[in-house]
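**Student:** mmCIF, C-alpha atoms, file entry13.cif:
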```
data_my_file
loop_
_atom_site.label_atom_id
_atom_site.label_comp_id
_atom_site.auth_asym_id
_atom_site.auth_seq_id
_atom_site.Cartn_x
_atom_site.Cartn_y
_atom_site.Cartn_z
CA MET A 1 69.26 -150.44 11.13
CA GLN A 2 69.06 -148.30 14.27
CA ARG A 3 67.17 -149.88 17.15
CA ILE A 4 65.29 -147.57 19.46
CA ARG A 5 64.73 -149.05 22.93
CA LEU A 6 61.59 -147.64 24.55
CA THR A 7 61.33 -147.78 28.33
CA ILE A 8 57.86 -148.38 29.74
CA GLN A 9 56.50 -145.76 32.12
CA GLU A 10 53.40 -146.27 34.23
CA VAL A 11 50.75 -143.74 33.17
CA SER A 12 50.21 -140.94 35.70
CA PRO A 13 48.43 -137.60 35.82
CA SER A 14 51.80 -135.80 35.57
CA LEU A 15 52.80 -137.72 32.42
CA LEU A 16 49.43 -136.98 30.80
CA ALA A 17 49.83 -133.29 31.79
CA ARG A 18 53.29 -133.29 30.15
CA LEU A 19 51.84 -134.67 26.91
CA GLU A 20 49.03 -132.10 27.06
CA LYS A 21 51.52 -129.26 27.58
CA ARG A 22 53.34 -130.41 24.43
CA GLY A 23 50.07 -130.19 22.45
CA LEU A 24 49.89 -133.96 21.77
CA ILE A 25 46.82 -134.93 23.80
CA LYS A 26 43.94 -133.16 25.54
CA THR A 27 42.83 -134.52 28.88
CA LEU A 28 39.16 -134.48 29.78
CA THR A 29 39.39 -131.52 32.15
CA PRO A 30 37.49 -128.24 32.32
CA SER A 31 39.29 -125.01 31.50
CA SER A 32 39.96 -122.39 34.15
CA ARG A 33 37.61 -120.05 32.23
CA LEU A 34 34.75 -122.53 32.59
CA LEU A 35 35.51 -123.24 36.25
CA SER A 36 35.63 -119.54 37.12
CA SER A 37 32.33 -118.74 35.37
CA SER A 38 29.73 -117.26 37.69
CA HIS A 39 26.92 -117.05 35.15
CA PRO A 40 23.63 -117.90 36.91
CA LYS A 41 22.71 -120.53 34.28
CA GLY A 42 26.14 -122.17 34.31
CA ALA A 43 28.59 -122.36 31.43
CA MET A 44 29.52 -124.55 28.50
CA GLU A 45 32.49 -124.66 26.19
CA THR A 46 33.34 -126.78 23.19
CA LEU A 47 36.60 -128.63 23.74
CA TYR A 48 36.89 -129.20 20.01
CA CYS A 49 34.62 -129.90 17.07
CA ALA A 50 35.48 -132.58 14.52
CA SER A 51 35.88 -131.43 10.95
CA ALA A 52 32.88 -132.40 8.82
CA ARG A 53 35.23 -133.72 6.14
CA HIS A 54 36.22 -136.55 8.52
CA GLY A 55 32.56 -137.60 9.03
CA SER A 56 30.26 -137.95 12.02
CA HIS A 57 31.54 -139.54 15.22
CA LYS A 58 31.71 -143.26 15.89
CA LEU A 59 32.69 -145.28 18.96
CA VAL A 60 34.86 -148.34 18.37
CA CYS A 61 36.04 -151.07 20.72
CA ILE A 62 39.57 -152.33 20.07
CA LYS A 63 41.37 -155.45 21.26
CA LYS A 64 45.16 -155.47 20.87
CA ASN A 65 47.12 -158.67 20.45
CA SER A 66 50.21 -157.31 18.69
CA SER A 67 53.51 -156.23 20.21
CA ASP A 68 54.77 -154.85 16.86
CA ILE A 69 55.31 -151.09 16.97
CA ARG A 70 53.82 -149.61 13.80
CA LEU A 71 53.55 -145.87 14.23
CA THR A 72 50.56 -144.01 12.80
CA PHE A 73 48.96 -140.57 12.87
CA HIS A 74 45.57 -139.11 11.93
CA PRO A 75 44.50 -135.79 10.36
CA GLY A 76 41.84 -135.39 13.08
CA ASN A 77 41.44 -135.92 16.82
CA GLU A 78 40.30 -139.14 18.52
CA GLU A 79 39.25 -139.85 22.10
CA PHE A 80 40.79 -142.76 23.98
CA ILE A 81 38.62 -144.32 26.69
CA ILE A 82 40.66 -146.81 28.68
CA ILE A 83 38.69 -148.49 31.47
CA SER A 84 38.61 -151.84 33.21
CA THR A 85 35.75 -153.80 31.64
CA GLY A 86 34.05 -156.77 33.20
CA GLY A 87 35.99 -159.23 35.30
CA ALA A 88 38.51 -160.19 32.63
CA VAL A 89 42.22 -160.16 33.35
CA TYR A 90 43.98 -158.47 30.44
CA ARG A 91 47.58 -158.18 29.40
CA PRO A 92 48.76 -154.55 29.78
CA LEU A 93 48.02 -151.94 27.16
CA TYR A 94 50.98 -149.81 26.05
CA ILE A 95 50.68 -146.66 23.99
CA VAL A 96 53.79 -145.35 22.27
CA ILE A 97 53.52 -141.59 21.72
CA GLY A 98 55.87 -139.36 19.75
CA LEU A 99 56.92 -136.42 21.91
CA HIS A 100 56.92 -134.01 18.98
CA ALA A 101 54.32 -133.28 16.31
CA ARG A 102 54.52 -135.44 13.19
CA GLN A 103 56.30 -132.75 11.17
CA ALA A 104 59.08 -132.36 13.77
CA LEU A 105 59.56 -136.13 13.99
CA ALA A 106 59.71 -136.29 10.19
CA ARG A 107 62.48 -133.66 10.18
CA LYS A 108 64.43 -135.66 12.77
CA LEU A 109 63.91 -138.82 10.73
CA LYS A 110 65.26 -137.07 7.64
CA ARG A 111 68.39 -136.05 9.60
CA ASP A 112 68.71 -139.64 10.92
CA ALA A 113 68.38 -138.21 14.43
CA LEU A 114 65.46 -140.12 16.00
CA SER A 115 66.11 -141.54 19.46
CA ALA A 116 64.28 -143.02 22.44
CA GLN A 117 64.04 -139.47 23.86
CA ASP A 118 61.57 -138.65 21.07
CA PHE A 119 59.01 -141.19 22.29
CA LEU A 120 57.17 -142.21 25.42
CA CYS A 121 55.81 -145.70 26.08
CA LEU A 122 52.93 -145.49 28.58
CA LYS A 123 51.65 -148.55 30.41
CA PHE A 124 47.92 -148.62 31.15
CA PRO A 125 47.13 -151.40 33.63
CA LEU A 126 43.58 -152.62 33.13
CA ARG A 127 43.18 -154.25 36.54
CA ASP A 128 43.33 -151.30 38.90
CA GLY A 129 39.85 -149.86 38.30
CA ARG A 130 41.17 -146.49 37.10
CA ALA A 131 39.80 -144.91 33.95
CA HIS A 132 41.87 -142.83 31.54
CA ILE A 133 40.10 -140.61 29.02
CA PHE A 134 41.97 -138.25 26.75
CA THR A 135 41.99 -136.89 23.21
CA MET A 136 44.89 -137.86 20.97
CA LEU A 137 45.34 -134.67 18.98
CA LYS A 138 45.71 -134.70 15.20
CA ASP A 139 49.18 -135.41 13.80
CA THR A 140 50.38 -137.02 17.06
CA VAL A 141 52.41 -140.08 16.10
CA HIS A 142 51.35 -143.07 18.19
CA CYS A 143 50.84 -146.84 18.35
CA GLU A 144 48.99 -149.17 20.71
CA ILE A 145 50.59 -152.52 21.59
CA THR A 146 50.54 -155.23 24.23
CA GLU A 147 52.95 -157.81 25.56
CA PRO A 148 53.32 -161.04 23.64
CA GLY A 149 52.22 -164.19 25.38
CA ARG A 150 49.25 -165.86 26.92
CA GLY A 151 46.20 -164.16 28.28
CA THR A 152 43.59 -161.85 26.86
CA GLY A 153 44.74 -158.87 24.84
CA PRO A 154 43.74 -155.49 26.28
CA VAL A 155 40.46 -153.92 25.24
CA PHE A 156 39.82 -150.18 25.02
CA PHE A 157 37.49 -147.75 23.26
CA VAL A 158 38.07 -144.95 20.77
CA SER A 159 35.61 -142.30 19.71
CA GLU A 160 36.58 -140.73 16.40
CA PRO A 161 35.17 -139.24 13.22
CA SER A 162 33.57 -141.95 11.10
CA ARG A 163 35.81 -141.29 8.08
CA LEU A 164 39.03 -140.55 9.95
CA LYS A 165 42.01 -141.87 8.01
CA SER A 166 45.00 -143.55 9.59
CA HIS A 167 48.40 -142.89 8.04
CA ALA A 168 51.56 -144.90 8.65
CA PHE A 169 54.52 -142.96 10.00
CA LYS A 170 57.25 -144.91 8.30
CA THR A 171 60.68 -144.99 9.91
CA PRO A 172 63.04 -146.60 7.39
CA GLY A 173 66.33 -147.55 8.99
CA TYR A 174 64.82 -147.73 12.48
CA SER A 175 63.23 -150.49 14.51
CA PHE A 176 61.50 -150.01 17.84
CA PHE A 177 61.24 -152.34 20.77
CA VAL A 178 60.02 -152.11 24.35
CA ASN A 179 62.46 -152.63 27.19
CA ASN A 180 60.45 -154.76 29.65
CA ASN A 181 63.36 -155.08 32.09
CA THR A 182 62.93 -151.66 33.69
CA GLU A 183 59.32 -151.77 34.76
#
```
Mind turning this structure into structure tokens?

**Tutor:**
Amino acid sequence: MQRIRLTIQEVSPSLLARLEKRGLIKTLTPSSRLLSSSHPKGAMETLYCASARHGSHKLVCIKKNSSDIRLTFHPGNEEFIIISTGGAVYRPLYIVIGLHARQALARKLKRDALSAQDFLCLKFPLRDGRAHIFTMLKDTVHCEITEPGRGTGPVFFVSEPSRLKSHAFKTPGYSFFVNNNTE
């Protein structure tokens, strides 16, 4: 069994921009076309439209208590809304994100060539008042986890199509763990 040690990285605008450039997420930012519009009535653009086959949209609230990394992917997009809620003190939220589309990771898995360089483990502190809103694009392999231990598990929101399926991205022969010593 190959063990892949993931190093935690504090989330930052530059890391989110890197994931967006790779086509894995879409940050909630206007396009340059929209910003440069001089139409007297303003401008609007659709960032994306969910496929009807995945259903209408729903907003869910999720609490994580698990530190087990079980990678998944979806055939449609979903919006992550990570904000500090209320006065609760939460354990950190970590999101493991594959740095290649699902198909490319599957090819690497088949060649027994997955490594820590194929994944990013982002830490989202829920005590600093910052909000993070982004779209996890379809077929992006990911997993949300928290640290084991005492305290309240992190809470976040996801807006997604009401019938969006979640598929396991199985990695036989590999186990993943988070390296908490390099924070």

**Student:** Just checking: using only C-alpha atoms, which residue out of A:Val155, A:Ile81, A:Ala116, A:Leu164 ends up closest to Asn65 of chain A?

**Tutor:**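 Between A:Val155, A:Ile81, A:Ala116, A:Leu164, the residue approaching Asn65 of chain A most closely is A:Val155.
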
**Student:** Excluding same-chain residues fewer than 3 positions from Lys64 of chain A, what lies within 10 Å of it counting only C-alpha atoms, as a PDB file with C-alpha atoms, in the frame of the given file?

**Tutor:**
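File written: out-v6.pdb
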```pdb
ATOM      1  CA  SER A  67      53.510-156.230  20.210  1.00  0.00           C
ATOM      2  CA  ARG A  91      47.580-158.180  29.400  1.00  0.00           C
ATOM      3  CA  PRO A  92      48.760-154.550  29.780  1.00  0.00           C
ATOM      4  CA  LEU A  93      48.020-151.940  27.160  1.00  0.00           C
ATOM      5  CA  TYR A  94      50.980-149.810  26.050  1.00  0.00           C
ATOM      6  CA  GLU A 144      48.990-149.170  20.710  1.00  0.00           C
ATOM      7  CA  ILE A 145      50.590-152.520  21.590  1.00  0.00           C
ATOM      8  CA  THR A 146      50.540-155.230  24.230  1.00  0.00           C
ATOM      9  CA  GLU A 147      52.950-157.810  25.560  1.00  0.00           C
ATOM     10  CA  THR A 152      43.590-161.850  26.860  1.00  0.00           C
ATOM     11  CA  GLY A 153      44.740-158.870  24.840  1.00  0.00           C
ATOM     12  CA  PRO A 154      43.740-155.490  26.280  1.00  0.00           C
ATOM     13  CA  VAL A 155      40.460-153.920  25.240  1.00  0.00           C
ATOM     14  CA  PHE A 156      39.820-150.180  25.020  1.00  0.00           C
TER      15      PHE A 156
END
```

**Student:** What's around Gly76 of chain A at 10 Å? Count all atoms listed in the file, leave out sequence neighbours fewer than 6 positions away in its own chain, and write the answer as a JSON list (two decimals) with C-alpha atoms, keeping the file's coordinate frame.

**Tutor:**
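The file below, part.json, is the result:
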```
[["chain", "number", "residue", "atom", "x", "y", "z"],
["A", 49, "CYS", "CA", 34.62, -129.90, 17.07],
["A", 50, "ALA", "CA", 35.48, -132.58, 14.52],
["A", 51, "SER", "CA", 35.88, -131.43, 10.95],
["A", 53, "ARG", "CA", 35.23, -133.72, 6.14],
["A", 54, "HIS", "CA", 36.22, -136.55, 8.52],
["A", 136, "MET", "CA", 44.89, -137.86, 20.97],
["A", 137, "LEU", "CA", 45.34, -134.67, 18.98],
["A", 138, "LYS", "CA", 45.71, -134.70, 15.20],
["A", 139, "ASP", "CA", 49.18, -135.41, 13.80],
["A", 140, "THR", "CA", 50.38, -137.02, 17.06],
["A", 160, "GLU", "CA", 36.58, -140.73, 16.40],
["A", 161, "PRO", "CA", 35.17, -139.24, 13.22],
["A", 163, "ARG", "CA", 35.81, -141.29, 8.08],
["A", 164, "LEU", "CA", 39.03, -140.55, 9.95],
["A", 165, "LYS", "CA", 42.01, -141.87, 8.01],
["A", 166, "SER", "CA", 45.00, -143.55, 9.59]]
```

**Student:** Using all atoms listed in the file, which protein or nucleic acid residues come within 10 Å of Leu34 of chain A? Drop anything in the same chain fewer than 6 positions from it, and give the result as a PyMOL selection string.

**Tutor:** chain A and resi 42-45

**Student:** So which one's closest to Pro148 of chain A, A:Val178, A:Cys61, A:Ser115, A:Ser56? Using all atoms listed in the file, please.

**Tutor:**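 Among the listed residues, A:Val178 lies closest to Pro148 of chain A.
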
**Student:** If you measure from atom CA of Ile8 of chain A to atom CA of Leu122 of chain A, what distance in Å do you get, rounded to one decimal?

**Tutor:**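 Interatomic distance, atom CA of Ile8 of chain A to atom CA of Leu122 of chain A: 5.8 Å.
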
**Student:** Do you have the atom CA of Gly151 of chain A-atom CA of Thr72 of chain A distance handy?

**Tutor:**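 Value for the atom CA of Gly151 of chain A-atom CA of Thr72 of chain A distance: 25.8 Å.
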
**Student:** Need the axis-aligned box for segment 65-80 of chain A with 3 Å each side, so what are the centre and edges in Å to one decimal, as JSON?

**Tutor:**
```
{"center_x": 47.3, "center_y": -147.0, "center_z": 17.2, "size_x": 22.1, "size_y": 29.3, "size_z": 19.6}
```

**Student:** Please report the interatomic distance between atom CA of Ser162 of chain A and atom CA of His57 of chain A in Å with one decimal.

**Tutor:**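 Going from atom CA of Ser162 of chain A over to atom CA of His57 of chain A, I get 5.2 Å.
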
**Student:** Check what the PyMOL selection byres ((chain A and resi 173) around 9) selects in the file above and give those residues as an MDAnalysis selection string.

**Tutor:** chainID A and resid 1:3 112 171:172 174:175

**Student:** Taking C-alpha atoms for each residue, export the selection above as a PDB file, in the coordinates of the input.

**Tutor:**
```
ATOM      1  CA  MET A   1      69.260-150.440  11.130  1.00  0.00           C
ATOM      2  CA  GLN A   2      69.060-148.300  14.270  1.00  0.00           C
ATOM      3  CA  ARG A   3      67.170-149.880  17.150  1.00  0.00           C
ATOM      4  CA  ASP A 112      68.710-139.640  10.920  1.00  0.00           C
ATOM      5  CA  THR A 171      60.680-144.990   9.910  1.00  0.00           C
ATOM      6  CA  PRO A 172      63.040-146.600   7.390  1.00  0.00           C
ATOM      7  CA  TYR A 174      64.820-147.730  12.480  1.00  0.00           C
ATOM      8  CA  SER A 175      63.230-150.490  14.510  1.00  0.00           C
TER       9      SER A 175
END
```

**Student:** Please rebuild segment 100-114 of chain A with N, CA and C atoms and return the result as a PDB file, in the frame of the given file.

**Tutor:**
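Written output follows (selection26.pdb):
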```
ATOM      1  N   HIS A 100      56.944-135.192  19.833  1.00  0.00           N
ATOM      2  CA  HIS A 100      56.920-134.010  18.980  1.00  0.00           C
ATOM      3  C   HIS A 100      55.817-134.232  17.946  1.00  0.00           C
ATOM      4  N   ALA A 101      55.318-133.160  17.385  1.00  0.00           N
ATOM      5  CA  ALA A 101      54.320-133.280  16.310  1.00  0.00           C
ATOM      6  C   ALA A 101      54.937-134.047  15.137  1.00  0.00           C
ATOM      7  N   ARG A 102      54.085-134.607  14.325  1.00  0.00           N
ATOM      8  CA  ARG A 102      54.520-135.440  13.190  1.00  0.00           C
ATOM      9  C   ARG A 102      55.569-134.747  12.344  1.00  0.00           C
ATOM     10  N   GLN A 103      55.374-133.465  12.035  1.00  0.00           N
ATOM     11  CA  GLN A 103      56.300-132.750  11.170  1.00  0.00           C
ATOM     12  C   GLN A 103      57.702-132.670  11.783  1.00  0.00           C
ATOM     13  N   ALA A 104      57.775-132.435  13.088  1.00  0.00           N
ATOM     14  CA  ALA A 104      59.080-132.360  13.770  1.00  0.00           C
ATOM     15  C   ALA A 104      59.749-133.732  13.795  1.00  0.00           C
ATOM     16  N   LEU A 105      58.976-134.784  14.028  1.00  0.00           N
ATOM     17  CA  LEU A 105      59.560-136.130  13.990  1.00  0.00           C
ATOM     18  C   LEU A 105      60.047-136.466  12.586  1.00  0.00           C
ATOM     19  N   ALA A 106      59.298-136.035  11.580  1.00  0.00           N
ATOM     20  CA  ALA A 106      59.710-136.290  10.190  1.00  0.00           C
ATOM     21  C   ALA A 106      61.033-135.586   9.885  1.00  0.00           C
ATOM     22  N   ARG A 107      61.217-134.368  10.399  1.00  0.00           N
ATOM     23  CA  ARG A 107      62.480-133.660  10.180  1.00  0.00           C
ATOM     24  C   ARG A 107      63.633-134.399  10.862  1.00  0.00           C
ATOM     25  N   LYS A 108      63.389-134.904  12.075  1.00  0.00           N
ATOM     26  CA  LYS A 108      64.430-135.660  12.770  1.00  0.00           C
ATOM     27  C   LYS A 108      64.752-136.955  12.024  1.00  0.00           C
ATOM     28  N   LEU A 109      63.722-137.596  11.507  1.00  0.00           N
ATOM     29  CA  LEU A 109      63.910-138.820  10.730  1.00  0.00           C
ATOM     30  C   LEU A 109      64.773-138.535   9.505  1.00  0.00           C
ATOM     31  N   LYS A 110      64.498-137.441   8.836  1.00  0.00           N
ATOM     32  CA  LYS A 110      65.260-137.070   7.640  1.00  0.00           C
ATOM     33  C   LYS A 110      66.733-136.822   7.961  1.00  0.00           C
ATOM     34  N   ARG A 111      67.002-136.298   9.164  1.00  0.00           N
ATOM     35  CA  ARG A 111      68.390-136.050   9.600  1.00  0.00           C
ATOM     36  C   ARG A 111      69.008-137.287  10.251  1.00  0.00           C
ATOM     37  N   ASP A 112      68.248-138.398  10.280  1.00  0.00           N
ATOM     38  CA  ASP A 112      68.710-139.640  10.920  1.00  0.00           C
ATOM     39  C   ASP A 112      69.017-139.384  12.399  1.00  0.00           C
ATOM     40  N   ALA A 113      68.130-138.640  13.056  1.00  0.00           N
ATOM     41  CA  ALA A 113      68.380-138.210  14.430  1.00  0.00           C
ATOM     42  C   ALA A 113      67.301-138.654  15.418  1.00  0.00           C
ATOM     43  N   LEU A 114      66.460-139.626  15.054  1.00  0.00           N
ATOM     44  CA  LEU A 114      65.460-140.120  16.000  1.00  0.00           C
ATOM     45  C   LEU A 114      66.143-140.892  17.121  1.00  0.00           C
TER      46      LEU A 114
END
```
